[in-house]
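A quick write-up on the structure given underneath.
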Protein chains: 2
Amino acid sequence: MLITKTIAETRAALGKVRSEGKRIGFMPTLGYIHEGHLTLVDIAKKHSDFVIVSIFVNPTQFGPKEDFSAYPRDFERDRRMFDARGVALIFAPSVEEMYPELELIKFQIEKMSDHLCGERRPGHFNGVVQVVAKLFNIIQPDVAVFGQKDVQQLFVLKRLVYDLNFPTKIIMGPTVREPNGLAMSTRNVYLTPTQRAQSSILYQSLQRAKELIQLGERRASVVIAEMTKMIQTATEGRIDYVEIVHTSDLQPIETLEGRVAIALAVYFGKARLIDNIILDINEKSVSEMPTGD
Amino acid sequence: MLITKTIAETRAALGKVRSEGKRIGFMPTLGYIHEGHLTLVDIAKKHSDFVIVSIFVNPTQFGPKEDFSAYPRDFERDRRMFDARGVALIFAPSVEEMYPELELIKFQIEKMSDHLCGERRPGHFNGVVQVVAKLFNIIQPDVAVFGQKDVQQLFVLKRLVYDLNFPTKIIMGPTVREPNGLAMSTRNVYLTPTQRAQSSILYQSLQRAKELIQLGERRASVVIAEMTKMIQTATEGRIDYVEIVHTSDLQPIETLEGRVAIALAVYFGKARLIDNIILDINEKSVSEMPTGD
């Protein structure tokens with residue numbers, strides 16, 4: 001496994017790979033890897049011949065009051081885990097390498113960051129789009145894999161690729177869960193044992209939402225009310241949001257139809273947990289959006 | 001010479017070129033070609049093995065009161081001229097092909113569009129950056145050539161490439177001039193014979209600015225005043241601006257030093273003519289920035 005720190009050596013290494021006719025699969029990360037990331041590596045391997053991951057805690061996607069400095073980092077551990085899983089190259093640049101000067105050309109996002117996490121984290125998705133556009137231009141991957149758990153990120157980036165014609169296919173990887181249903185996340189390290197136990201209700205509420213819709217419910221407000229009640233009854237968590245949006249523009253909808261994301265964010269102490277399901281809804285059927293291709 | 005109308009056929013054609021190990025040179029245009037464009041083709045040929053040009057009157061870079069509909073178009077003439085000059089592929093997409101849906105991910109430009117033409121054409125450079133980012137992602141050129149005449153566009157796009165790590169090298173081509181010094185432009189067709197004759201003062205004023213600076217003048221205000229007087233004395237043209245900016249961020253400077261652009265825009269009737277020179281200024285020497293590499 002190769003490790004690169006600079007853009008120039010990364011491009012040189014990938015130029016060689018590309019000249020051999022190999023397809024490049026990419027997964028950007030903030031590091032502090034868990035099984036959720038490694039499952040995405042497996043998917044990248046299925047779709048490419050050479051898997052590159054980046055480890056970069058991107059300052060431009062953290063708000064001034066967010067946990068940029070405290071965000072957990074352990075390069076040695078990440079390196080071992082990626083190596084064992086068959087990653088071919090880790091790109092781990094410094095902040096100075098990625099942002100040598102104050103940037104003057106930035107992104108503006110319409111509609112897609114107005115709700116869900118975007119509403120609570122102003123500027124977050126601008127930073128995500130910026131760093132992913134940079135990484136795509138450095139790596140020029142054929143495919144890039146993003147987890148369903150960060151559903152708003154996934155669809156904002158799909159829109160980035162669509163609106164700006166990036167020559168990279170975005171693949172959605174599944175949310176990997178703990179035995180109790182809790183979606184894996186680096187930030188789960190912040191949970192107490194009690195909070196961890198209570199957190200199982202989040203996925204249960206999403207499954208209940210799916211059940212209600214399969215039984216014929218089409219009013220978003222009724223589904224959201226039921227989920228809210230479940231979470232409030234079973235936990236001390238503080239709901240940040242429970243929302244249902246269209247995946248095309250991430251705008252809330254009232255009558256459920258087409259491809260929708262049911263998404264939630266709940267604070268357990270200082271940990272903010274997010275989760276979602278994506279449903280394809282028509283008159284005759286309700287099914288989860290497939291992952292991995 | 002190939003002609004493509006869709007993104008898919010363009011990518012297919014270029015994929016083949018790339019797999020043969022050929023370097024791709026690109027020049028985007030709005031069409032209605034003149035010798036200025038063809039000189040840029042020559043430069044692209046020097047730096048690559050396969051030259052592709054685009055012809056696309058991009059609606060997102062025209063203001064609501066600008067000449068998008070009236071902008072001159074003549075594909076047959078352009079096709080013949082490019083063919084004769086050795087262009088290998090013309091990409092001429094429709095507006096629907098480039099913008100199939102309302103775009104949600106756009107660009108935000110800090111500082112660089114606050115002065116010069118950007119100040120007078122709000123949104124213009126956002127549209128330029130958007131369409132060039134799209135074209136770069138579709139074509140993935142090794143080099144792209146832009147004319148010095150549109151100096152703000154040139155440095156905004158250099159900054160786009162720098163800030164977002166596009167794997168394309170931007171090369172500045174020279175401004176090609178009529179015998180009287182008028183910079184070639186598609187919009188020169190709007191000039192009357194009298195206006196055309198008077199327009200020679202624009203380049204003369206730029207040469208006078210260079211002379212003053214070579215003689216030791218370092219106060220931007222003095223240089224600008226001299227140019228303004230020259231233009232106002234010799235023509236009926238209405239000055240839109242005469243400004244001197246640093247090329248790194250396109251902010252006005254008072255004391256001349258480093259790489260600066262001396263730029264002007266003057267209305268002759270309905271034609272708005274722009275021109276500029278770029279100088280490298282230090283204590284011991286003053287020279288024009290070289291073009292073509």
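Note on naming: chains are A, B, ... as they come in the structure tokens, residues start from 1 per chain, ligands start from 1 in the order shown.
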Need the shell around Ala13 (chain B): protein/DNA/RNA residues with any atom at most 9 Å away, counting only C-alpha atoms. Skip same-chain ones fewer than 3 positions apart. Format as a short mmCIF file (atom, residue, chain, number, x, y, z; two decimals) with N, CA and C atoms, in the first residue's frame?
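In the end it all went to around.cif:
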```
data_model
loop_
_atom_site.label_atom_id
_atom_site.label_comp_id
_atom_site.auth_asym_id
_atom_site.auth_seq_id
_atom_site.Cartn_x
_atom_site.Cartn_y
_atom_site.Cartn_z
N LEU B 2 -13.80 16.30 -36.56
CA LEU B 2 -15.03 15.79 -35.98
C LEU B 2 -15.89 16.94 -35.45
N THR B 4 -19.09 17.28 -32.63
CA THR B 4 -19.98 16.59 -31.69
C THR B 4 -20.97 17.60 -31.11
N ALA B 8 -21.88 12.95 -24.31
CA ALA B 8 -21.52 11.53 -24.39
C ALA B 8 -20.63 11.25 -25.60
N GLU B 9 -20.98 11.78 -26.78
CA GLU B 9 -20.15 11.49 -27.96
C GLU B 9 -18.80 12.20 -27.87
N THR B 10 -18.78 13.36 -27.20
CA THR B 10 -17.51 14.07 -27.02
C THR B 10 -16.57 13.26 -26.13
N LYS B 16 -10.91 7.88 -26.71
CA LYS B 16 -10.08 7.19 -27.70
C LYS B 16 -8.75 7.95 -27.90
N VAL B 17 -8.85 9.25 -28.04
CA VAL B 17 -7.64 10.09 -28.23
C VAL B 17 -6.69 9.91 -27.05
N ARG B 18 -7.26 9.95 -25.85
CA ARG B 18 -6.46 9.85 -24.63
C ARG B 18 -5.79 8.47 -24.53
N LEU B 89 -11.49 18.69 -33.42
CA LEU B 89 -12.86 18.42 -32.99
C LEU B 89 -13.54 19.72 -32.57
#
```
Exercise. Specify as a PyMOL selection string all residues of chain A found within 10 Å of chain B, counting only C-alpha atoms.
Key: chain A and resi 7+11+18-19+21+98-113+126+129-140+156-157+159-168+249
Quiz prompt | Test item: residues at most 12 Å from Ile3 (chain A), only C-alpha atoms, excluding those fewer than 5 positions along its chain, as a ChimeraX atom specification | solution = /A:9-10,13-14,52-55,75-76,78-80,82-83,87-93
Practice problem: Please provide as a PyMOL selection string all residues within 7 Å of Ile244 (chain B), with the sequence filter that same-chain residues fewer than 6 positions apart are discarded (counting only C-alpha atoms). | Solution: chain B and resi 220+252-253+260-263
From a DSSP pass on the backbone, collect the residues of region 180-284 of chain A flagged as helix (DSSP H, G or I) and hand them back as a PDB file with N, CA, C and O atoms, in the first residue's frame.
```pdb
ATOM      1  N   THR A 186     -17.977   7.742  13.529  1.00  0.00           N
ATOM      2  CA  THR A 186     -16.809   8.082  14.336  1.00  0.00           C
ATOM      3  C   THR A 186     -17.244   8.792  15.615  1.00  0.00           C
ATOM      4  O   THR A 186     -16.668   8.602  16.681  1.00  0.00           O
ATOM      5  N   ARG A 187     -18.303   9.588  15.507  1.00  0.00           N
ATOM      6  CA  ARG A 187     -18.747  10.360  16.663  1.00  0.00           C
ATOM      7  C   ARG A 187     -19.463   9.514  17.725  1.00  0.00           C
ATOM      8  O   ARG A 187     -19.787  10.028  18.797  1.00  0.00           O
ATOM      9  N   ASN A 188     -19.701   8.200  17.457  1.00  0.00           N
ATOM     10  CA  ASN A 188     -20.310   7.338  18.473  1.00  0.00           C
ATOM     11  C   ASN A 188     -19.407   7.182  19.698  1.00  0.00           C
ATOM     12  O   ASN A 188     -19.878   6.797  20.767  1.00  0.00           O
ATOM     13  N   VAL A 189     -18.118   7.483  19.547  1.00  0.00           N
ATOM     14  CA  VAL A 189     -17.215   7.401  20.710  1.00  0.00           C
ATOM     15  C   VAL A 189     -17.624   8.380  21.806  1.00  0.00           C
ATOM     16  O   VAL A 189     -17.234   8.233  22.960  1.00  0.00           O
ATOM     17  N   TYR A 190     -18.411   9.378  21.449  1.00  0.00           N
ATOM     18  CA  TYR A 190     -18.853  10.360  22.445  1.00  0.00           C
ATOM     19  C   TYR A 190     -19.998   9.825  23.331  1.00  0.00           C
ATOM     20  O   TYR A 190     -20.355  10.471  24.321  1.00  0.00           O
ATOM     21  N   PRO A 193     -22.712   4.513  27.834  1.00  0.00           N
ATOM     22  CA  PRO A 193     -23.387   3.221  27.626  1.00  0.00           C
ATOM     23  C   PRO A 193     -24.917   3.351  27.600  1.00  0.00           C
ATOM     24  O   PRO A 193     -25.586   2.714  26.774  1.00  0.00           O
ATOM     25  N   THR A 194     -25.496   4.186  28.476  1.00  0.00           N
ATOM     26  CA  THR A 194     -26.952   4.367  28.494  1.00  0.00           C
ATOM     27  C   THR A 194     -27.427   4.983  27.176  1.00  0.00           C
ATOM     28  O   THR A 194     -28.408   4.523  26.571  1.00  0.00           O
ATOM     29  N   GLN A 195     -26.734   6.016  26.747  1.00  0.00           N
ATOM     30  CA  GLN A 195     -27.102   6.665  25.490  1.00  0.00           C
ATOM     31  C   GLN A 195     -27.009   5.687  24.324  1.00  0.00           C
ATOM     32  O   GLN A 195     -27.872   5.641  23.448  1.00  0.00           O
ATOM     33  N   ARG A 196     -25.949   4.886  24.326  1.00  0.00           N
ATOM     34  CA  ARG A 196     -25.760   3.899  23.257  1.00  0.00           C
ATOM     35  C   ARG A 196     -26.928   2.917  23.219  1.00  0.00           C
ATOM     36  O   ARG A 196     -27.431   2.572  22.142  1.00  0.00           O
ATOM     37  N   ALA A 197     -27.374   2.480  24.409  1.00  0.00           N
ATOM     38  CA  ALA A 197     -28.499   1.541  24.474  1.00  0.00           C
ATOM     39  C   ALA A 197     -29.782   2.200  23.939  1.00  0.00           C
ATOM     40  O   ALA A 197     -30.510   1.615  23.131  1.00  0.00           O
ATOM     41  N   GLN A 198     -30.025   3.440  24.367  1.00  0.00           N
ATOM     42  CA  GLN A 198     -31.248   4.134  23.940  1.00  0.00           C
ATOM     43  C   GLN A 198     -31.254   4.453  22.440  1.00  0.00           C
ATOM     44  O   GLN A 198     -32.321   4.594  21.833  1.00  0.00           O
ATOM     45  N   SER A 200     -30.898   2.823  19.926  1.00  0.00           N
ATOM     46  CA  SER A 200     -31.507   1.857  19.005  1.00  0.00           C
ATOM     47  C   SER A 200     -32.861   2.332  18.479  1.00  0.00           C
ATOM     48  O   SER A 200     -33.311   1.905  17.423  1.00  0.00           O
ATOM     49  N   ILE A 201     -33.474   3.258  19.218  1.00  0.00           N
ATOM     50  CA  ILE A 201     -34.807   3.719  18.810  1.00  0.00           C
ATOM     51  C   ILE A 201     -34.776   4.465  17.471  1.00  0.00           C
ATOM     52  O   ILE A 201     -35.771   4.519  16.750  1.00  0.00           O
ATOM     53  N   LEU A 202     -33.609   5.035  17.128  1.00  0.00           N
ATOM     54  CA  LEU A 202     -33.545   5.855  15.908  1.00  0.00           C
ATOM     55  C   LEU A 202     -33.865   5.004  14.675  1.00  0.00           C
ATOM     56  O   LEU A 202     -34.728   5.362  13.869  1.00  0.00           O
ATOM     57  N   TYR A 203     -33.171   3.881  14.565  1.00  0.00           N
ATOM     58  CA  TYR A 203     -33.406   3.028  13.402  1.00  0.00           C
ATOM     59  C   TYR A 203     -34.798   2.396  13.474  1.00  0.00           C
ATOM     60  O   TYR A 203     -35.472   2.232  12.452  1.00  0.00           O
ATOM     61  N   GLN A 204     -35.225   2.059  14.712  1.00  0.00           N
ATOM     62  CA  GLN A 204     -36.592   1.516  14.867  1.00  0.00           C
ATOM     63  C   GLN A 204     -37.639   2.506  14.360  1.00  0.00           C
ATOM     64  O   GLN A 204     -38.621   2.127  13.723  1.00  0.00           O
ATOM     65  N   SER A 205     -37.418   3.797  14.640  1.00  0.00           N
ATOM     66  CA  SER A 205     -38.406   4.789  14.183  1.00  0.00           C
ATOM     67  C   SER A 205     -38.420   4.897  12.661  1.00  0.00           C
ATOM     68  O   SER A 205     -39.470   5.120  12.050  1.00  0.00           O
ATOM     69  N   LEU A 206     -37.247   4.708  12.044  1.00  0.00           N
ATOM     70  CA  LEU A 206     -37.189   4.740  10.572  1.00  0.00           C
ATOM     71  C   LEU A 206     -37.897   3.519   9.980  1.00  0.00           C
ATOM     72  O   LEU A 206     -38.600   3.619   8.967  1.00  0.00           O
ATOM     73  N   GLN A 207     -37.719   2.366  10.633  1.00  0.00           N
ATOM     74  CA  GLN A 207     -38.390   1.162  10.161  1.00  0.00           C
ATOM     75  C   GLN A 207     -39.906   1.289  10.334  1.00  0.00           C
ATOM     76  O   GLN A 207     -40.684   0.822   9.495  1.00  0.00           O
ATOM     77  N   ARG A 208     -40.311   1.910  11.434  1.00  0.00           N
ATOM     78  CA  ARG A 208     -41.740   2.138  11.665  1.00  0.00           C
ATOM     79  C   ARG A 208     -42.317   3.076  10.594  1.00  0.00           C
ATOM     80  O   ARG A 208     -43.428   2.866  10.103  1.00  0.00           O
ATOM     81  N   ALA A 209     -41.538   4.075  10.213  1.00  0.00           N
ATOM     82  CA  ALA A 209     -41.970   5.000   9.153  1.00  0.00           C
ATOM     83  C   ALA A 209     -42.197   4.233   7.853  1.00  0.00           C
ATOM     84  O   ALA A 209     -43.224   4.405   7.175  1.00  0.00           O
ATOM     85  N   LYS A 210     -41.264   3.368   7.533  1.00  0.00           N
ATOM     86  CA  LYS A 210     -41.390   2.566   6.304  1.00  0.00           C
ATOM     87  C   LYS A 210     -42.653   1.701   6.352  1.00  0.00           C
ATOM     88  O   LYS A 210     -43.405   1.605   5.369  1.00  0.00           O
ATOM     89  N   GLU A 211     -42.888   1.123   7.534  1.00  0.00           N
ATOM     90  CA  GLU A 211     -44.057   0.256   7.730  1.00  0.00           C
ATOM     91  C   GLU A 211     -45.352   1.045   7.512  1.00  0.00           C
ATOM     92  O   GLU A 211     -46.257   0.594   6.802  1.00  0.00           O
ATOM     93  N   LEU A 212     -45.406   2.235   8.125  1.00  0.00           N
ATOM     94  CA  LEU A 212     -46.596   3.080   7.966  1.00  0.00           C
ATOM     95  C   LEU A 212     -46.854   3.390   6.494  1.00  0.00           C
ATOM     96  O   LEU A 212     -47.997   3.330   6.020  1.00  0.00           O
ATOM     97  N   ILE A 213     -45.781   3.704   5.780  1.00  0.00           N
ATOM     98  CA  ILE A 213     -45.933   4.074   4.363  1.00  0.00           C
ATOM     99  C   ILE A 213     -46.339   2.852   3.550  1.00  0.00           C
ATOM    100  O   ILE A 213     -47.173   2.928   2.649  1.00  0.00           O
ATOM    101  N   GLN A 214     -45.768   1.694   3.915  1.00  0.00           N
ATOM    102  CA  GLN A 214     -46.172   0.463   3.216  1.00  0.00           C
ATOM    103  C   GLN A 214     -47.638   0.134   3.470  1.00  0.00           C
ATOM    104  O   GLN A 214     -48.312  -0.462   2.633  1.00  0.00           O
ATOM    105  N   ALA A 220     -46.725  13.110   5.068  1.00  0.00           N
ATOM    106  CA  ALA A 220     -45.423  13.218   5.739  1.00  0.00           C
ATOM    107  C   ALA A 220     -45.609  13.618   7.201  1.00  0.00           C
ATOM    108  O   ALA A 220     -44.936  13.097   8.097  1.00  0.00           O
ATOM    109  N   SER A 221     -46.526  14.533   7.460  1.00  0.00           N
ATOM    110  CA  SER A 221     -46.716  15.034   8.827  1.00  0.00           C
ATOM    111  C   SER A 221     -47.097  13.914   9.798  1.00  0.00           C
ATOM    112  O   SER A 221     -46.647  13.908  10.952  1.00  0.00           O
ATOM    113  N   VAL A 222     -47.890  12.964   9.345  1.00  0.00           N
ATOM    114  CA  VAL A 222     -48.308  11.849  10.218  1.00  0.00           C
ATOM    115  C   VAL A 222     -47.115  10.942  10.508  1.00  0.00           C
ATOM    116  O   VAL A 222     -46.898  10.521  11.656  1.00  0.00           O
ATOM    117  N   VAL A 223     -46.326  10.666   9.490  1.00  0.00           N
ATOM    118  CA  VAL A 223     -45.146   9.809   9.670  1.00  0.00           C
ATOM    119  C   VAL A 223     -44.155  10.478  10.627  1.00  0.00           C
ATOM    120  O   VAL A 223     -43.619   9.844  11.544  1.00  0.00           O
ATOM    121  N   ILE A 224     -43.921  11.778  10.414  1.00  0.00           N
ATOM    122  CA  ILE A 224     -42.969  12.513  11.261  1.00  0.00           C
ATOM    123  C   ILE A 224     -43.451  12.553  12.712  1.00  0.00           C
ATOM    124  O   ILE A 224     -42.666  12.364  13.650  1.00  0.00           O
ATOM    125  N   ALA A 225     -44.758  12.753  12.914  1.00  0.00           N
ATOM    126  CA  ALA A 225     -45.318  12.809  14.273  1.00  0.00           C
ATOM    127  C   ALA A 225     -45.122  11.472  14.994  1.00  0.00           C
ATOM    128  O   ALA A 225     -44.747  11.433  16.175  1.00  0.00           O
ATOM    129  N   GLU A 226     -45.354  10.398  14.286  1.00  0.00           N
ATOM    130  CA  GLU A 226     -45.201   9.052  14.880  1.00  0.00           C
ATOM    131  C   GLU A 226     -43.738   8.789  15.275  1.00  0.00           C
ATOM    132  O   GLU A 226     -43.450   8.298  16.372  1.00  0.00           O
ATOM    133  N   MET A 227     -42.819   9.154  14.386  1.00  0.00           N
ATOM    134  CA  MET A 227     -41.386   8.963  14.681  1.00  0.00           C
ATOM    135  C   MET A 227     -40.970   9.820  15.877  1.00  0.00           C
ATOM    136  O   MET A 227     -40.248   9.358  16.768  1.00  0.00           O
ATOM    137  N   THR A 228     -41.429  11.058  15.881  1.00  0.00           N
ATOM    138  CA  THR A 228     -41.083  11.984  16.959  1.00  0.00           C
ATOM    139  C   THR A 228     -41.550  11.424  18.304  1.00  0.00           C
ATOM    140  O   THR A 228     -40.809  11.430  19.297  1.00  0.00           O
ATOM    141  N   LYS A 229     -42.783  10.926  18.322  1.00  0.00           N
ATOM    142  CA  LYS A 229     -43.349  10.363  19.557  1.00  0.00           C
ATOM    143  C   LYS A 229     -42.504   9.177  20.038  1.00  0.00           C
ATOM    144  O   LYS A 229     -42.176   9.080  21.223  1.00  0.00           O
ATOM    145  N   MET A 230     -42.167   8.294  19.108  1.00  0.00           N
ATOM    146  CA  MET A 230     -41.359   7.114  19.479  1.00  0.00           C
ATOM    147  C   MET A 230     -40.032   7.529  20.118  1.00  0.00           C
ATOM    148  O   MET A 230     -39.627   6.994  21.145  1.00  0.00           O
ATOM    149  N   ILE A 231     -39.347   8.481  19.482  1.00  0.00           N
ATOM    150  CA  ILE A 231     -38.012   8.876  19.964  1.00  0.00           C
ATOM    151  C   ILE A 231     -38.133   9.586  21.315  1.00  0.00           C
ATOM    152  O   ILE A 231     -37.368   9.313  22.254  1.00  0.00           O
ATOM    153  N   GLN A 232     -39.127  10.460  21.435  1.00  0.00           N
ATOM    154  CA  GLN A 232     -39.280  11.215  22.681  1.00  0.00           C
ATOM    155  C   GLN A 232     -39.682  10.311  23.847  1.00  0.00           C
ATOM    156  O   GLN A 232     -39.277  10.547  24.987  1.00  0.00           O
ATOM    157  N   THR A 233     -40.480   9.275  23.565  1.00  0.00           N
ATOM    158  CA  THR A 233     -40.945   8.372  24.616  1.00  0.00           C
ATOM    159  C   THR A 233     -39.814   7.500  25.141  1.00  0.00           C
ATOM    160  O   THR A 233     -39.692   7.267  26.350  1.00  0.00           O
ATOM    161  N   ALA A 234     -38.950   7.032  24.234  1.00  0.00           N
ATOM    162  CA  ALA A 234     -37.997   5.989  24.618  1.00  0.00           C
ATOM    163  C   ALA A 234     -36.631   6.514  25.040  1.00  0.00           C
ATOM    164  O   ALA A 234     -35.796   5.734  25.508  1.00  0.00           O
TER     165      ALA A 234
END
```
Practice problem: Tell me which protein, DNA and RNA residues are within 9 Å of Gly269 (chain A), counting only C-alpha atoms, leaving out same-chain ones fewer than 6 positions away, and put them as a VMD selection string. | Solution: chain A and resid 190 to 192 195 236 to 238
Quiz item: Do you know which residues are at most 12 Å from Glu283 (chain A) counting only C-alpha atoms, after dropping those on the same chain fewer than 5 positions away, and could you put them as a VMD selection string?
Solution: chain A and resid 213 to 218 255 to 258
Output the selection as a short mmCIF file (atom, residue, chain, number, x, y, z; two decimals), in the first residue's frame - N, CA and C atoms for each residue.
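Output (selection-v3.cif):
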```
data_model
loop_
_atom_site.label_atom_id
_atom_site.label_comp_id
_atom_site.auth_asym_id
_atom_site.auth_seq_id
_atom_site.Cartn_x
_atom_site.Cartn_y
_atom_site.Cartn_z
N ILE A 213 -45.78 3.70 5.78
CA ILE A 213 -45.93 4.07 4.36
C ILE A 213 -46.34 2.85 3.55
N GLN A 214 -45.77 1.69 3.91
CA GLN A 214 -46.17 0.46 3.22
C GLN A 214 -47.64 0.13 3.47
N LEU A 215 -48.14 0.55 4.64
CA LEU A 215 -49.57 0.32 4.96
C LEU A 215 -50.45 1.36 4.26
N GLY A 216 -49.84 2.32 3.56
CA GLY A 216 -50.65 3.25 2.77
C GLY A 216 -50.58 4.70 3.20
N GLU A 217 -49.94 4.98 4.32
CA GLU A 217 -49.86 6.37 4.77
C GLU A 217 -49.04 7.20 3.77
N ARG A 218 -49.55 8.36 3.37
CA ARG A 218 -48.81 9.21 2.43
C ARG A 218 -48.62 10.63 2.97
N THR A 255 -46.86 15.28 0.61
CA THR A 255 -47.47 14.03 0.18
C THR A 255 -46.39 13.13 -0.40
N LEU A 256 -46.23 11.96 0.20
CA LEU A 256 -45.09 11.10 -0.12
C LEU A 256 -45.24 10.44 -1.48
N GLU A 257 -44.26 10.66 -2.35
CA GLU A 257 -44.28 10.06 -3.69
C GLU A 257 -42.89 10.19 -4.28
N GLY A 258 -42.50 9.20 -5.09
CA GLY A 258 -41.19 9.26 -5.72
C GLY A 258 -40.09 8.82 -4.76
#
```
Residues near Asp240 (chain A), anyone? I mean within 12 Å using only C-alpha atoms, not counting same-chain ones fewer than 4 positions away, as a PDB file with C-alpha atoms, in the first residue's frame.
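Result file out.pdb:
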```pdb
ATOM      1  CA  HIS A 115     -32.919  21.739   5.267  1.00  0.00           C
ATOM      2  CA  LEU A 116     -31.763  18.731   7.306  1.00  0.00           C
ATOM      3  CA  CYS A 117     -28.201  19.130   8.583  1.00  0.00           C
ATOM      4  CA  GLY A 118     -27.501  22.030   6.205  1.00  0.00           C
ATOM      5  CA  GLU A 119     -29.981  24.244   8.028  1.00  0.00           C
ATOM      6  CA  ARG A 120     -28.174  23.610  11.331  1.00  0.00           C
ATOM      7  CA  ARG A 121     -24.617  23.714   9.972  1.00  0.00           C
ATOM      8  CA  THR A 228     -41.083  11.984  16.959  1.00  0.00           C
ATOM      9  CA  ILE A 231     -38.012   8.876  19.964  1.00  0.00           C
ATOM     10  CA  GLN A 232     -39.280  11.215  22.681  1.00  0.00           C
ATOM     11  CA  ALA A 263     -33.897  11.618   7.885  1.00  0.00           C
ATOM     12  CA  LEU A 264     -33.326  12.462  11.528  1.00  0.00           C
ATOM     13  CA  ALA A 265     -30.766  14.004  13.824  1.00  0.00           C
ATOM     14  CA  VAL A 266     -30.906  13.531  17.602  1.00  0.00           C
ATOM     15  CA  TYR A 267     -28.581  14.818  20.294  1.00  0.00           C
ATOM     16  CA  PHE A 268     -27.525  12.363  22.983  1.00  0.00           C
ATOM     17  CA  ALA A 271     -23.100  13.407  20.431  1.00  0.00           C
ATOM     18  CA  ARG A 272     -25.335  14.318  17.503  1.00  0.00           C
ATOM     19  CA  LEU A 273     -26.526  11.127  15.804  1.00  0.00           C
ATOM     20  CA  ILE A 274     -27.963  11.071  12.290  1.00  0.00           C
ATOM     21  CA  ASP A 275     -29.714   8.311  10.396  1.00  0.00           C
TER      22      ASP A 275
END
```
Quiz prompt | Straight-line distance linking CA of Glu20 (chain A) with CA of Phe26 (chain B), stated in Å to one decimal | solution =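 About the pair CA of Glu20 (chain A) and CA of Phe26 (chain B): they are 24.8 Å apart.
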Quiz item: Any idea what the distance is between CA of Ala12 (chain A) and CA of Ser48 (chain B)?
Solution: 19.4 Å
Practice problem: List every residue of region 1-105 of chain A that DSSP, applied to the backbone of this structure, assigns to strand (DSSP E), and report them as a list of chain:residue names. | Solution: A:Leu2, A:Ile3, A:Thr4, A:Ile24, A:Gly25, A:Phe26, A:Met27, A:Pro28, A:Thr29, A:Phe50, A:Val51, A:Ile52, A:Val53, A:Ser54, A:Ile55, A:Leu89, A:Ile90, A:Phe91, A:Ile105
Quiz item: So, counting only C-alpha atoms, which residue among B:Pro72, B:Thr39, B:Arg23, B:Ser199 is closest to Pro179 (chain B)?
Solution: B:Ser199
